[in-house]
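File shown: model.cif (mmCIF, C-alpha atoms).
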data_work
#
loop_
_atom_site.label_atom_id
_atom_site.label_comp_id
_atom_site.auth_asym_id
_atom_site.auth_seq_id
_atom_site.Cartn_x
_atom_site.Cartn_y
_atom_site.Cartn_z
CA MET A 1 98.89 149.65 -32.92
CA GLU A 2 101.13 151.62 -35.26
CA ASN A 3 100.59 149.37 -38.28
CA LEU A 4 96.80 149.27 -37.96
CA ASN A 5 95.80 150.81 -41.27
CA THR A 6 92.83 148.67 -42.33
CA ILE A 7 90.14 146.93 -40.32
CA GLY A 8 87.45 144.52 -41.43
CA VAL A 9 83.98 144.10 -39.97
CA LEU A 10 81.54 141.20 -40.29
CA THR A 11 78.30 139.93 -38.75
CA SER A 12 77.92 136.21 -38.17
CA GLY A 13 75.34 133.75 -36.88
CA GLY A 14 71.76 134.83 -36.31
CA ASP A 15 70.86 138.42 -37.14
CA ALA A 16 70.00 140.73 -34.25
CA PRO A 17 68.39 144.19 -34.22
CA GLY A 18 71.14 146.70 -33.51
CA MET A 19 73.79 145.03 -35.65
CA ASN A 20 73.53 147.89 -38.15
CA ALA A 21 74.04 150.47 -35.42
CA CYS A 22 77.17 148.58 -34.36
CA ILE A 23 78.48 148.41 -37.95
CA ARG A 24 77.90 152.13 -38.27
CA ALA A 25 79.86 152.87 -35.09
CA VAL A 26 82.75 150.64 -36.21
CA VAL A 27 82.97 152.29 -39.63
CA ARG A 28 82.62 155.88 -38.42
CA ASP A 29 85.14 155.53 -35.56
CA ALA A 30 87.68 153.71 -37.74
CA LEU A 31 87.42 156.41 -40.40
CA ASP A 32 87.90 159.02 -37.69
CA HIS A 33 91.18 157.27 -36.85
CA GLY A 34 92.22 157.53 -40.49
CA MET A 35 91.81 153.81 -41.15
CA ARG A 36 90.37 152.06 -44.18
CA VAL A 37 87.37 149.84 -43.47
CA MET A 38 86.58 146.65 -45.34
CA GLY A 39 83.08 145.23 -45.07
CA ILE A 40 82.74 141.45 -45.27
CA HIS A 41 79.48 140.01 -46.59
CA LYS A 42 77.83 136.93 -45.02
CA GLY A 43 80.16 136.47 -42.06
CA TYR A 44 82.85 133.81 -42.18
CA ALA A 45 81.26 132.29 -45.29
CA GLY A 46 81.96 135.56 -47.14
CA LEU A 47 85.41 135.88 -45.61
CA ILE A 48 86.64 132.55 -46.96
CA ARG A 49 85.26 133.50 -50.41
CA GLY A 50 86.79 136.97 -50.37
CA ASP A 51 83.38 138.69 -50.55
CA ILE A 52 84.91 141.93 -49.28
CA PHE A 53 84.44 145.59 -50.23
CA GLU A 54 85.64 148.97 -48.99
CA MET A 55 83.22 150.95 -46.81
CA HIS A 56 82.94 154.72 -46.50
CA ALA A 57 80.92 157.06 -44.31
CA LYS A 58 78.08 156.96 -46.83
CA SER A 59 78.03 153.15 -46.65
CA VAL A 60 76.49 153.35 -43.20
CA ALA A 61 74.23 156.38 -43.69
CA ASP A 62 70.63 155.90 -42.52
CA ILE A 63 71.12 152.37 -41.19
CA ILE A 64 71.13 153.05 -37.43
CA HIS A 65 67.37 152.47 -37.15
CA ARG A 66 67.16 149.42 -39.42
CA GLY A 67 66.82 145.83 -38.28
CA GLY A 68 68.82 142.93 -39.68
CA THR A 69 72.33 143.53 -40.98
CA VAL A 70 73.41 145.34 -44.15
CA LEU A 71 76.45 143.07 -44.27
CA TYR A 72 74.18 140.02 -44.33
CA THR A 73 74.94 136.95 -42.24
CA ALA A 74 75.18 133.22 -42.68
CA ARG A 75 76.00 130.04 -40.84
CA CYS A 76 79.35 128.60 -41.86
CA PRO A 77 79.80 125.05 -40.49
CA GLU A 78 82.92 124.51 -42.64
CA PHE A 79 84.67 127.22 -40.62
CA LEU A 80 85.09 124.62 -37.87
CA GLN A 81 87.71 122.99 -40.09
CA THR A 82 91.33 124.16 -39.87
CA GLU A 83 91.59 124.27 -43.67
CA TYR A 84 88.99 127.05 -43.87
CA GLN A 85 90.36 128.86 -40.82
CA ASP A 86 93.76 128.97 -42.53
CA ARG A 87 92.16 130.24 -45.73
CA ALA A 88 90.27 132.99 -43.84
CA ALA A 89 93.47 134.20 -42.18
CA GLU A 90 95.21 134.28 -45.56
CA ILE A 91 92.31 136.22 -47.10
CA CYS A 92 92.68 138.83 -44.33
CA ARG A 93 96.36 139.21 -45.24
CA ILE A 94 95.63 139.41 -48.98
CA PHE A 95 93.16 142.25 -48.39
CA GLY A 96 95.52 143.98 -45.97
CA ILE A 97 93.15 143.65 -43.02
CA ASP A 98 95.20 144.46 -39.92
CA GLY A 99 92.33 144.13 -37.43
CA LEU A 100 88.94 142.45 -37.55
CA VAL A 101 85.72 143.28 -35.65
CA VAL A 102 83.32 140.32 -35.50
CA ILE A 103 79.73 140.89 -34.36
CA GLY A 104 77.77 137.85 -33.15
CA GLY A 105 77.48 135.24 -30.42
CA ASP A 106 79.66 132.55 -28.87
CA GLY A 107 80.01 130.67 -32.17
CA THR A 108 81.23 133.87 -33.83
CA PHE A 109 83.74 134.38 -31.02
CA ARG A 110 85.09 130.85 -31.44
CA GLY A 111 85.75 131.68 -35.08
CA ALA A 112 87.54 134.85 -33.97
CA GLN A 113 89.55 132.79 -31.51
CA ALA A 114 90.72 130.55 -34.36
CA LEU A 115 91.75 133.59 -36.42
CA SER A 116 93.61 135.05 -33.46
CA ASP A 117 95.56 131.79 -33.17
CA ARG A 118 96.61 132.44 -36.78
CA GLY A 119 97.93 135.92 -36.08
CA ILE A 120 94.87 138.02 -36.95
CA ASN A 121 94.05 140.90 -34.57
CA VAL A 122 90.42 140.39 -33.56
CA VAL A 123 87.81 141.94 -31.27
CA GLY A 124 84.34 140.44 -30.76
CA VAL A 125 81.09 142.29 -30.05
CA PRO A 126 78.20 140.30 -28.46
CA ALA A 127 75.06 140.38 -30.61
CA THR A 128 72.39 137.73 -30.21
CA ILE A 129 68.71 138.05 -29.34
CA ASP A 130 68.93 135.08 -26.96
CA GLY A 131 71.17 136.96 -24.53
CA ASP A 132 73.31 133.85 -24.15
CA VAL A 133 76.86 135.22 -24.31
CA SER A 134 78.18 134.17 -20.92
CA CYS A 135 80.74 136.93 -20.43
CA SER A 136 78.34 139.83 -21.04
CA GLU A 137 75.25 140.82 -19.08
CA TYR A 138 73.81 142.33 -22.25
CA THR A 139 73.84 141.34 -25.90
CA ILE A 140 72.77 143.47 -28.85
CA GLY A 141 69.25 142.59 -30.02
CA PHE A 142 67.94 141.16 -26.75
CA ASP A 143 65.84 144.16 -25.72
CA THR A 144 64.19 144.42 -29.13
CA ALA A 145 63.38 140.70 -29.19
CA VAL A 146 61.82 140.84 -25.73
CA ASN A 147 59.72 143.86 -26.66
CA VAL A 148 58.50 142.15 -29.85
CA ALA A 149 57.55 139.10 -27.78
CA VAL A 150 55.77 141.23 -25.17
CA GLU A 151 53.79 143.11 -27.82
CA SER A 152 52.77 139.85 -29.51
CA ILE A 153 51.78 138.19 -26.22
CA SER A 154 49.73 141.25 -25.24
CA LYS A 155 47.77 140.92 -28.48
CA LEU A 156 47.22 137.22 -27.84
CA ARG A 157 45.95 138.11 -24.36
CA ASP A 158 43.10 140.13 -25.90
CA THR A 159 41.77 137.27 -27.97
CA SER A 160 42.53 134.77 -25.22
CA ALA A 161 40.40 136.75 -22.77
CA SER A 162 37.59 137.13 -25.29
CA HIS A 163 37.37 133.34 -25.73
CA GLU A 164 38.38 132.42 -22.15
CA ARG A 165 41.29 130.38 -23.48
CA CYS A 166 44.69 129.29 -22.32
CA SER A 167 47.40 130.49 -24.69
CA ILE A 168 50.68 128.58 -24.92
CA VAL A 169 53.25 130.95 -26.44
CA GLU A 170 56.63 129.68 -27.63
CA VAL A 171 59.39 132.28 -27.77
CA MET A 172 62.95 131.93 -29.09
CA GLY A 173 65.78 130.55 -26.99
CA ARG A 174 67.16 127.14 -27.92
CA ASN A 175 69.59 126.86 -25.02
CA CYS A 176 68.79 130.00 -23.07
CA GLY A 177 65.53 131.00 -21.40
CA GLU A 178 66.19 134.73 -21.00
CA ILE A 179 63.56 135.86 -23.54
CA ALA A 180 61.00 133.55 -21.93
CA LEU A 181 61.83 134.83 -18.44
CA TRP A 182 61.74 138.52 -19.33
CA SER A 183 58.66 138.36 -21.55
CA GLY A 184 56.94 136.08 -19.05
CA ILE A 185 57.22 138.41 -16.09
CA ALA A 186 56.50 141.44 -18.31
CA THR A 187 53.17 139.95 -19.46
CA GLY A 188 52.06 138.40 -16.19
CA ALA A 189 52.36 134.84 -17.47
CA ASP A 190 50.87 132.08 -15.35
CA ALA A 191 53.92 129.89 -15.95
CA ILE A 192 57.33 130.05 -17.65
CA MET A 193 59.21 127.02 -18.98
CA ILE A 194 62.93 127.32 -19.79
CA PRO A 195 65.50 124.89 -21.27
CA GLU A 196 68.04 125.33 -18.46
CA ASP A 197 65.64 123.58 -16.09
CA LYS A 198 62.90 121.78 -17.98
CA ASP A 199 61.52 120.34 -14.75
CA SER A 200 61.46 123.72 -12.96
CA GLN A 201 57.69 123.84 -13.39
CA SER A 202 56.03 120.48 -13.83
CA PHE A 203 52.87 119.92 -15.83
CA ASP A 204 50.93 119.27 -12.64
CA GLN A 205 52.12 122.59 -11.20
CA ILE A 206 51.08 124.40 -14.35
CA VAL A 207 47.62 122.85 -14.23
CA ARG A 208 47.32 123.76 -10.54
CA VAL A 209 48.18 127.42 -11.23
CA ILE A 210 45.71 127.58 -14.13
CA MET A 211 42.88 126.09 -12.07
CA GLU A 212 43.60 128.20 -8.97
CA ASN A 213 43.55 131.34 -11.07
CA ARG A 214 40.28 130.29 -12.69
CA VAL A 215 38.71 129.77 -9.25
CA ARG A 216 39.83 133.31 -8.33
CA GLY A 217 38.05 134.70 -11.39
CA LYS A 218 40.78 134.87 -14.02
CA ASN A 219 39.15 133.86 -17.30
CA HIS A 220 42.27 133.34 -19.44
CA ASN A 221 45.84 132.10 -19.05
CA ILE A 222 49.25 132.67 -20.63
CA ILE A 223 51.99 130.02 -20.54
CA ILE A 224 55.41 131.04 -21.93
CA VAL A 225 57.58 128.24 -23.32
CA ALA A 226 61.17 128.72 -24.53
CA GLU A 227 62.07 127.19 -27.89
CA GLY A 228 64.52 124.80 -26.22
CA VAL A 229 61.66 123.27 -24.23
CA GLY A 230 59.36 123.07 -27.24
CA HIS A 231 56.38 120.74 -27.57
CA SER A 232 54.00 123.71 -27.42
CA GLN A 233 51.36 121.96 -29.51
CA GLU A 234 51.47 118.89 -27.29
CA LEU A 235 51.33 121.05 -24.14
CA ALA A 236 48.21 122.85 -25.38
CA LYS A 237 46.57 119.49 -26.04
CA ARG A 238 47.46 118.20 -22.57
CA VAL A 239 46.20 121.35 -20.84
CA HIS A 240 42.88 121.03 -22.66
CA GLU A 241 42.57 117.36 -21.72
CA ALA A 242 43.44 118.00 -18.07
CA THR A 243 41.32 121.13 -17.53
CA GLY A 244 38.65 121.19 -20.22
CA ILE A 245 39.81 124.72 -21.06
CA ASP A 246 40.14 125.60 -24.74
CA SER A 247 43.92 125.87 -25.26
CA ARG A 248 45.80 127.17 -28.29
CA TYR A 249 49.51 127.37 -29.08
CA THR A 250 51.40 130.10 -30.93
CA ILE A 251 55.04 129.94 -32.01
CA LEU A 252 56.37 133.48 -32.45
CA GLY A 253 59.49 132.29 -34.29
CA HIS A 254 61.68 134.62 -36.33
CA ILE A 255 59.34 137.59 -35.98
CA GLN A 256 61.36 138.25 -32.81
CA ARG A 257 64.48 138.89 -34.89
CA GLY A 258 62.89 141.53 -37.08
CA GLY A 259 62.02 145.20 -36.82
CA GLY A 260 63.97 148.27 -35.95
CA PRO A 261 66.05 148.13 -32.76
CA THR A 262 64.94 149.77 -29.53
CA ALA A 263 66.78 152.81 -28.19
CA LEU A 264 68.51 150.55 -25.66
CA ASP A 265 69.84 148.24 -28.37
CA ILE A 266 71.03 151.17 -30.48
CA LYS A 267 72.81 152.67 -27.50
CA HIS A 268 74.59 149.44 -26.51
CA ALA A 269 75.43 148.63 -30.15
CA SER A 270 76.92 152.07 -30.77
CA MET A 271 78.97 152.02 -27.58
CA MET A 272 80.25 148.48 -28.17
CA GLY A 273 81.13 149.13 -31.83
CA TYR A 274 83.04 152.26 -30.85
CA MET A 275 84.86 150.42 -28.06
CA ALA A 276 85.83 147.57 -30.41
CA VAL A 277 87.71 149.99 -32.68
CA GLU A 278 89.27 151.80 -29.74
CA THR A 279 90.47 148.47 -28.33
CA LEU A 280 92.19 147.59 -31.62
CA ALA A 281 93.62 151.11 -31.89
CA LYS A 282 95.24 150.67 -28.46
CA GLY A 283 97.06 147.59 -29.72
CA GLU A 284 94.90 145.04 -27.91
CA THR A 285 93.71 141.91 -29.66
CA ASN A 286 91.95 138.60 -29.03
CA ARG A 287 89.39 140.56 -27.02
CA VAL A 288 85.63 140.60 -26.61
CA ILE A 289 83.64 143.67 -25.60
CA ALA A 290 81.28 142.97 -22.69
CA TYR A 291 78.80 144.83 -20.53
CA GLN A 292 79.29 144.08 -16.85
CA LYS A 293 77.90 145.84 -13.78
CA GLY A 294 76.92 148.92 -15.74
CA ALA A 295 80.22 149.36 -17.57
CA TYR A 296 81.72 148.37 -20.92
CA VAL A 297 84.85 146.26 -20.55
CA ASP A 298 87.07 144.19 -22.82
CA LEU A 299 88.03 140.66 -21.90
CA ASP A 300 90.31 138.03 -23.36
CA ILE A 301 88.21 135.91 -25.73
CA ASP A 302 89.53 132.70 -24.21
CA GLU A 303 88.48 133.92 -20.77
CA GLY A 304 85.08 135.05 -22.03
CA LEU A 305 84.30 131.76 -23.76
CA ALA A 306 85.27 129.81 -20.63
CA MET A 307 82.62 131.60 -18.54
CA LYS A 308 79.29 129.96 -17.75
CA LYS A 309 76.03 131.86 -17.57
CA LYS A 310 73.29 131.00 -15.12
CA PRO A 311 69.67 131.75 -16.02
CA ALA A 312 67.97 134.59 -14.17
CA MET A 313 66.07 132.25 -11.88
CA ASP A 314 65.22 135.15 -9.58
CA ILE A 315 62.82 136.30 -12.33
CA TRP A 316 61.33 132.81 -12.52
CA GLN A 317 60.90 132.64 -8.75
CA VAL A 318 59.29 136.07 -8.50
CA ASN A 319 56.92 135.27 -11.36
CA LEU A 320 55.98 131.99 -9.66
CA GLN A 321 55.11 133.90 -6.50
CA ILE A 322 52.99 136.56 -8.17
CA SER A 323 51.39 134.56 -10.99
CA THR A 324 48.77 133.15 -8.60
CA TYR A 325 46.72 135.94 -7.05
#
Entire entry expressed as structure tokens:
Amino acid sequence: MENLNTIGVLTSGGDAPGMNACIRAVVRDALDHGMRVMGIHKGYAGLIRGDIFEMHAKSVADIIHRGGTVLYTARCPEFLQTEYQDRAAEICRIFGIDGLVVIGGDGTFRGAQALSDRGINVVGVPATIDGDVSCSEYTIGFDTAVNVAVESISKLRDTSASHERCSIVEVMGRNCGEIALWSGIATGADAIMIPEDKDSQSFDQIVRVIMENRVRGKNHNIIIVAEGVGHSQELAKRVHEATGIDSRYTILGHIQRGGGPTALDIKHASMMGYMAVETLAKGETNRVIAYQKGAYVDLDIDEGLAMKKKPAMDIWQVNLQISTY
């Protein structure tokens, strides 16, 4: 793209470990191409306010290992309105932003789609701990979130075993059960409950697995519940009433968003950030970077948003088979 002199970069939606590594890659590669880079604070909320500043190589020094996002992030419900979409596009033109890299999830990509419709060159990078971007097999932040969940559940297992309890652990995932599935099989959970199929494991089945494992000599139990299923406190109460086993619930919450990213998240974030700039430099726009079948690809945003993602039910099925021993 011959007239691509300045690019902007923003992070939007929920923060995800690895976002900083992606920002760093975007800035460094753009500078290597001789472009100016404009950082946008607080996602689309900052864009419509013109909260924009020029970034240099030093702006992204020593951030690759840090969690969160140095550009900050925010929800921006008003960006659903055409008035604010028009204003954002005009702000891009005022600041001379020829191309825009947006880092976030599906909601972020829909905002990019709206800007593309208004003539702004955009590329999206998938970053969400839930792993719920349909067009990409991997999203920045997912591996870190799963590892935080696994570490926390392993600690709960120690105290659970000491008191012979059943621990109900709620992990993040409002509409997607990927964190629950991965952390469940990684910690040997007795049962996993996900929002995509709330009836996949009934209460009676859960009680049966708990009791069968107790008969076989297992003195504690772990039940993983995705945020979208919820009712962890009520479930702990029902398990206690049905089994007589002391049951406690723990909601891990936003602790899963924090901490430095894993090596896997840094690697994916760096590769995707680099590819986003390269995609713009080649004159391509309205694209989203995705990871599919072991390769990084760029897809049309409209195509990517139209895709539907199925939960990894093979993980659920395997865990069901091996959770009772």
Residue by residue, what does the PyMOL selection byres ((chain A and resi 3) around 12) grab here? Present the result as number ranges by chain.
A: 1-2, 4-7, 34-35, 96-99, 121, 280-283
Could those residues be written to a file, using C-alpha atoms, as a PDB file, keeping the file's coordinate frame?
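Saved file out_28.pdb follows:
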ATOM      1  CA  MET A   1      98.890 149.650 -32.920  1.00  0.00           C
ATOM      2  CA  GLU A   2     101.130 151.620 -35.260  1.00  0.00           C
ATOM      3  CA  LEU A   4      96.800 149.270 -37.960  1.00  0.00           C
ATOM      4  CA  ASN A   5      95.800 150.810 -41.270  1.00  0.00           C
ATOM      5  CA  THR A   6      92.830 148.670 -42.330  1.00  0.00           C
ATOM      6  CA  ILE A   7      90.140 146.930 -40.320  1.00  0.00           C
ATOM      7  CA  GLY A  34      92.220 157.530 -40.490  1.00  0.00           C
ATOM      8  CA  MET A  35      91.810 153.810 -41.150  1.00  0.00           C
ATOM      9  CA  GLY A  96      95.520 143.980 -45.970  1.00  0.00           C
ATOM     10  CA  ILE A  97      93.150 143.650 -43.020  1.00  0.00           C
ATOM     11  CA  ASP A  98      95.200 144.460 -39.920  1.00  0.00           C
ATOM     12  CA  GLY A  99      92.330 144.130 -37.430  1.00  0.00           C
ATOM     13  CA  ASN A 121      94.050 140.900 -34.570  1.00  0.00           C
ATOM     14  CA  LEU A 280      92.190 147.590 -31.620  1.00  0.00           C
ATOM     15  CA  ALA A 281      93.620 151.110 -31.890  1.00  0.00           C
ATOM     16  CA  LYS A 282      95.240 150.670 -28.460  1.00  0.00           C
ATOM     17  CA  GLY A 283      97.060 147.590 -29.720  1.00  0.00           C
TER      18      GLY A 283
END
Using only C-alpha atoms, which of the listed residues (A:Leu10, A:Ile40, A:Ile210, A:Ala45) sits closest to Pro77 (chain A)?
A:Ala45
Could you expand the PyMOL selection byres ((chain A and resi 131) around 9) into the explicit residues it covers here, written as a PyMOL selection string?
chain A and resi 105+126-130+132-134+136-142+173+176-179
Close residues, region 310-322 of chain A itself excluded, 12 Å, all atoms listed in the file, min 5 positions apart in chain, as JSON, numbers by chain
{"A": [130, 131, 132, 133, 134, 135, 136, 137, 173, 175, 176, 177, 178, 179, 180, 181, 182, 183, 184, 185, 186, 187, 188, 189, 190, 191, 192, 193, 194, 195, 196, 197, 200, 201, 205, 206, 208, 209, 213, 223, 224]}
Output C-alpha atoms for every residue in the selection just made, as an mmCIF file, in the coordinates of the input.
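File produced: again14.cif:
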data_model
loop_
_atom_site.group_PDB
_atom_site.id
_atom_site.type_symbol
_atom_site.label_atom_id
_atom_site.label_comp_id
_atom_site.auth_asym_id
_atom_site.auth_seq_id
_atom_site.Cartn_x
_atom_site.Cartn_y
_atom_site.Cartn_z
ATOM 1 C CA ASP A 130 68.930 135.080 -26.960
ATOM 2 C CA GLY A 131 71.170 136.960 -24.530
ATOM 3 C CA ASP A 132 73.310 133.850 -24.150
ATOM 4 C CA VAL A 133 76.860 135.220 -24.310
ATOM 5 C CA SER A 134 78.180 134.170 -20.920
ATOM 6 C CA CYS A 135 80.740 136.930 -20.430
ATOM 7 C CA SER A 136 78.340 139.830 -21.040
ATOM 8 C CA GLU A 137 75.250 140.820 -19.080
ATOM 9 C CA GLY A 173 65.780 130.550 -26.990
ATOM 10 C CA ASN A 175 69.590 126.860 -25.020
ATOM 11 C CA CYS A 176 68.790 130.000 -23.070
ATOM 12 C CA GLY A 177 65.530 131.000 -21.400
ATOM 13 C CA GLU A 178 66.190 134.730 -21.000
ATOM 14 C CA ILE A 179 63.560 135.860 -23.540
ATOM 15 C CA ALA A 180 61.000 133.550 -21.930
ATOM 16 C CA LEU A 181 61.830 134.830 -18.440
ATOM 17 C CA TRP A 182 61.740 138.520 -19.330
ATOM 18 C CA SER A 183 58.660 138.360 -21.550
ATOM 19 C CA GLY A 184 56.940 136.080 -19.050
ATOM 20 C CA ILE A 185 57.220 138.410 -16.090
ATOM 21 C CA ALA A 186 56.500 141.440 -18.310
ATOM 22 C CA THR A 187 53.170 139.950 -19.460
ATOM 23 C CA GLY A 188 52.060 138.400 -16.190
ATOM 24 C CA ALA A 189 52.360 134.840 -17.470
ATOM 25 C CA ASP A 190 50.870 132.080 -15.350
ATOM 26 C CA ALA A 191 53.920 129.890 -15.950
ATOM 27 C CA ILE A 192 57.330 130.050 -17.650
ATOM 28 C CA MET A 193 59.210 127.020 -18.980
ATOM 29 C CA ILE A 194 62.930 127.320 -19.790
ATOM 30 C CA PRO A 195 65.500 124.890 -21.270
ATOM 31 C CA GLU A 196 68.040 125.330 -18.460
ATOM 32 C CA ASP A 197 65.640 123.580 -16.090
ATOM 33 C CA SER A 200 61.460 123.720 -12.960
ATOM 34 C CA GLN A 201 57.690 123.840 -13.390
ATOM 35 C CA GLN A 205 52.120 122.590 -11.200
ATOM 36 C CA ILE A 206 51.080 124.400 -14.350
ATOM 37 C CA ARG A 208 47.320 123.760 -10.540
ATOM 38 C CA VAL A 209 48.180 127.420 -11.230
ATOM 39 C CA ASN A 213 43.550 131.340 -11.070
ATOM 40 C CA ILE A 223 51.990 130.020 -20.540
ATOM 41 C CA ILE A 224 55.410 131.040 -21.930
#
Quick one: pull the distance between CA of Ala112 (chain A) and CA of Ala290 (chain A), Å, one decimal.
15.2 Å
Expected selection from the PyMOL selection byres ((chain A and resi 111) around 12), given as an NGL selection string
:A and (10-13 or 43-45 or 47-48 or 75-82 or 84-86 or 88-89 or 100-110 or 112-118 or 120 or 122-124 or 286 or 301-302 or 305)
Just to be explicit: take each residue in the selection above, keep C-alpha atoms, and write the result as a CSV table (one decimal), in the frame of the given file.
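Final file, selection_31.csv:
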chain,number,residue,atom,x,y,z
A,10,LEU,CA,81.5,141.2,-40.3
A,11,THR,CA,78.3,139.9,-38.8
A,12,SER,CA,77.9,136.2,-38.2
A,13,GLY,CA,75.3,133.8,-36.9
A,43,GLY,CA,80.2,136.5,-42.1
A,44,TYR,CA,82.8,133.8,-42.2
A,45,ALA,CA,81.3,132.3,-45.3
A,47,LEU,CA,85.4,135.9,-45.6
A,48,ILE,CA,86.6,132.6,-47.0
A,75,ARG,CA,76.0,130.0,-40.8
A,76,CYS,CA,79.4,128.6,-41.9
A,77,PRO,CA,79.8,125.0,-40.5
A,78,GLU,CA,82.9,124.5,-42.6
A,79,PHE,CA,84.7,127.2,-40.6
A,80,LEU,CA,85.1,124.6,-37.9
A,81,GLN,CA,87.7,123.0,-40.1
A,82,THR,CA,91.3,124.2,-39.9
A,84,TYR,CA,89.0,127.0,-43.9
A,85,GLN,CA,90.4,128.9,-40.8
A,86,ASP,CA,93.8,129.0,-42.5
A,88,ALA,CA,90.3,133.0,-43.8
A,89,ALA,CA,93.5,134.2,-42.2
A,100,LEU,CA,88.9,142.4,-37.6
A,101,VAL,CA,85.7,143.3,-35.6
A,102,VAL,CA,83.3,140.3,-35.5
A,103,ILE,CA,79.7,140.9,-34.4
A,104,GLY,CA,77.8,137.8,-33.2
A,105,GLY,CA,77.5,135.2,-30.4
A,106,ASP,CA,79.7,132.6,-28.9
A,107,GLY,CA,80.0,130.7,-32.2
A,108,THR,CA,81.2,133.9,-33.8
A,109,PHE,CA,83.7,134.4,-31.0
A,110,ARG,CA,85.1,130.8,-31.4
A,112,ALA,CA,87.5,134.8,-34.0
A,113,GLN,CA,89.6,132.8,-31.5
A,114,ALA,CA,90.7,130.6,-34.4
A,115,LEU,CA,91.8,133.6,-36.4
A,116,SER,CA,93.6,135.0,-33.5
A,117,ASP,CA,95.6,131.8,-33.2
A,118,ARG,CA,96.6,132.4,-36.8
A,120,ILE,CA,94.9,138.0,-37.0
A,122,VAL,CA,90.4,140.4,-33.6
A,123,VAL,CA,87.8,141.9,-31.3
A,124,GLY,CA,84.3,140.4,-30.8
A,286,ASN,CA,92.0,138.6,-29.0
A,301,ILE,CA,88.2,135.9,-25.7
A,302,ASP,CA,89.5,132.7,-24.2
A,305,LEU,CA,84.3,131.8,-23.8
May I ask which of the residues A:Lys309, A:Arg87, A:Lys267, A:Lys293 is the closest one to Arg24 (chain A), counting only C-alpha atoms?
A:Lys267
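Each of A:Thr279, A:Thr250, A:Ser162, A:Thr243 was compared to Phe203 (chain A) using all atoms listed in the file, and A:Thr243 turns out to be the nearest.
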Between A:Met307, A:Cys166, A:Ala30, A:Val239, which is the closest to His220 (chain A) once you count all atoms listed in the file?
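Looking at the shortest contact to His220 (chain A), the residue is A:Cys166.
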Quick one: distance from CA of Lys42 (chain A) to CA of Leu71 (chain A) in Å, one decimal?
6.3 Å
Counting all atoms listed in the file, the option among A:Gly8, A:Phe53, A:Ala61, A:Asn221 closest to Arg93 (chain A):
A:Gly8
Completed region 208-221 of chain A (N, CA and C atoms) as a PDB file, keeping the file's coordinate frame:
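Saved to part.pdb:
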ATOM      1  N   ARG A 208      47.779 123.243 -11.830  1.00  0.00           N
ATOM      2  CA  ARG A 208      47.320 123.760 -10.540  1.00  0.00           C
ATOM      3  C   ARG A 208      47.194 125.283 -10.587  1.00  0.00           C
ATOM      4  N   VAL A 209      48.221 125.957 -11.146  1.00  0.00           N
ATOM      5  CA  VAL A 209      48.180 127.420 -11.230  1.00  0.00           C
ATOM      6  C   VAL A 209      47.015 127.884 -12.100  1.00  0.00           C
ATOM      7  N   ILE A 210      46.813 127.221 -13.232  1.00  0.00           N
ATOM      8  CA  ILE A 210      45.710 127.580 -14.130  1.00  0.00           C
ATOM      9  C   ILE A 210      44.375 127.468 -13.404  1.00  0.00           C
ATOM     10  N   MET A 211      44.163 126.337 -12.728  1.00  0.00           N
ATOM     11  CA  MET A 211      42.880 126.090 -12.070  1.00  0.00           C
ATOM     12  C   MET A 211      42.665 127.018 -10.882  1.00  0.00           C
ATOM     13  N   GLU A 212      43.721 127.282 -10.111  1.00  0.00           N
ATOM     14  CA  GLU A 212      43.600 128.200  -8.970  1.00  0.00           C
ATOM     15  C   GLU A 212      43.250 129.603  -9.436  1.00  0.00           C
ATOM     16  N   ASN A 213      43.856 130.016 -10.537  1.00  0.00           N
ATOM     17  CA  ASN A 213      43.550 131.340 -11.070  1.00  0.00           C
ATOM     18  C   ASN A 213      42.128 131.411 -11.623  1.00  0.00           C
ATOM     19  N   ARG A 214      41.659 130.317 -12.189  1.00  0.00           N
ATOM     20  CA  ARG A 214      40.280 130.290 -12.690  1.00  0.00           C
ATOM     21  C   ARG A 214      39.289 130.406 -11.529  1.00  0.00           C
ATOM     22  N   VAL A 215      39.574 129.708 -10.433  1.00  0.00           N
ATOM     23  CA  VAL A 215      38.710 129.770  -9.250  1.00  0.00           C
ATOM     24  C   VAL A 215      38.650 131.203  -8.715  1.00  0.00           C
ATOM     25  N   ARG A 216      39.764 131.923  -8.822  1.00  0.00           N
ATOM     26  CA  ARG A 216      39.830 133.310  -8.330  1.00  0.00           C
ATOM     27  C   ARG A 216      39.216 134.303  -9.317  1.00  0.00           C
ATOM     28  N   GLY A 217      38.757 133.818 -10.469  1.00  0.00           N
ATOM     29  CA  GLY A 217      38.050 134.700 -11.390  1.00  0.00           C
ATOM     30  C   GLY A 217      38.811 135.074 -12.645  1.00  0.00           C
ATOM     31  N   LYS A 218      40.024 134.562 -12.811  1.00  0.00           N
ATOM     32  CA  LYS A 218      40.780 134.870 -14.020  1.00  0.00           C
ATOM     33  C   LYS A 218      40.246 134.001 -15.155  1.00  0.00           C
ATOM     34  N   ASN A 219      39.833 134.627 -16.259  1.00  0.00           N
ATOM     35  CA  ASN A 219      39.150 133.860 -17.300  1.00  0.00           C
ATOM     36  C   ASN A 219      40.047 133.450 -18.462  1.00  0.00           C
ATOM     37  N   HIS A 220      41.352 133.741 -18.377  1.00  0.00           N
ATOM     38  CA  HIS A 220      42.270 133.340 -19.440  1.00  0.00           C
ATOM     39  C   HIS A 220      43.653 133.117 -18.830  1.00  0.00           C
ATOM     40  N   ASN A 221      44.513 132.427 -19.573  1.00  0.00           N
ATOM     41  CA  ASN A 221      45.840 132.100 -19.050  1.00  0.00           C
ATOM     42  C   ASN A 221      46.890 132.215 -20.147  1.00  0.00           C
TER      43      ASN A 221
END
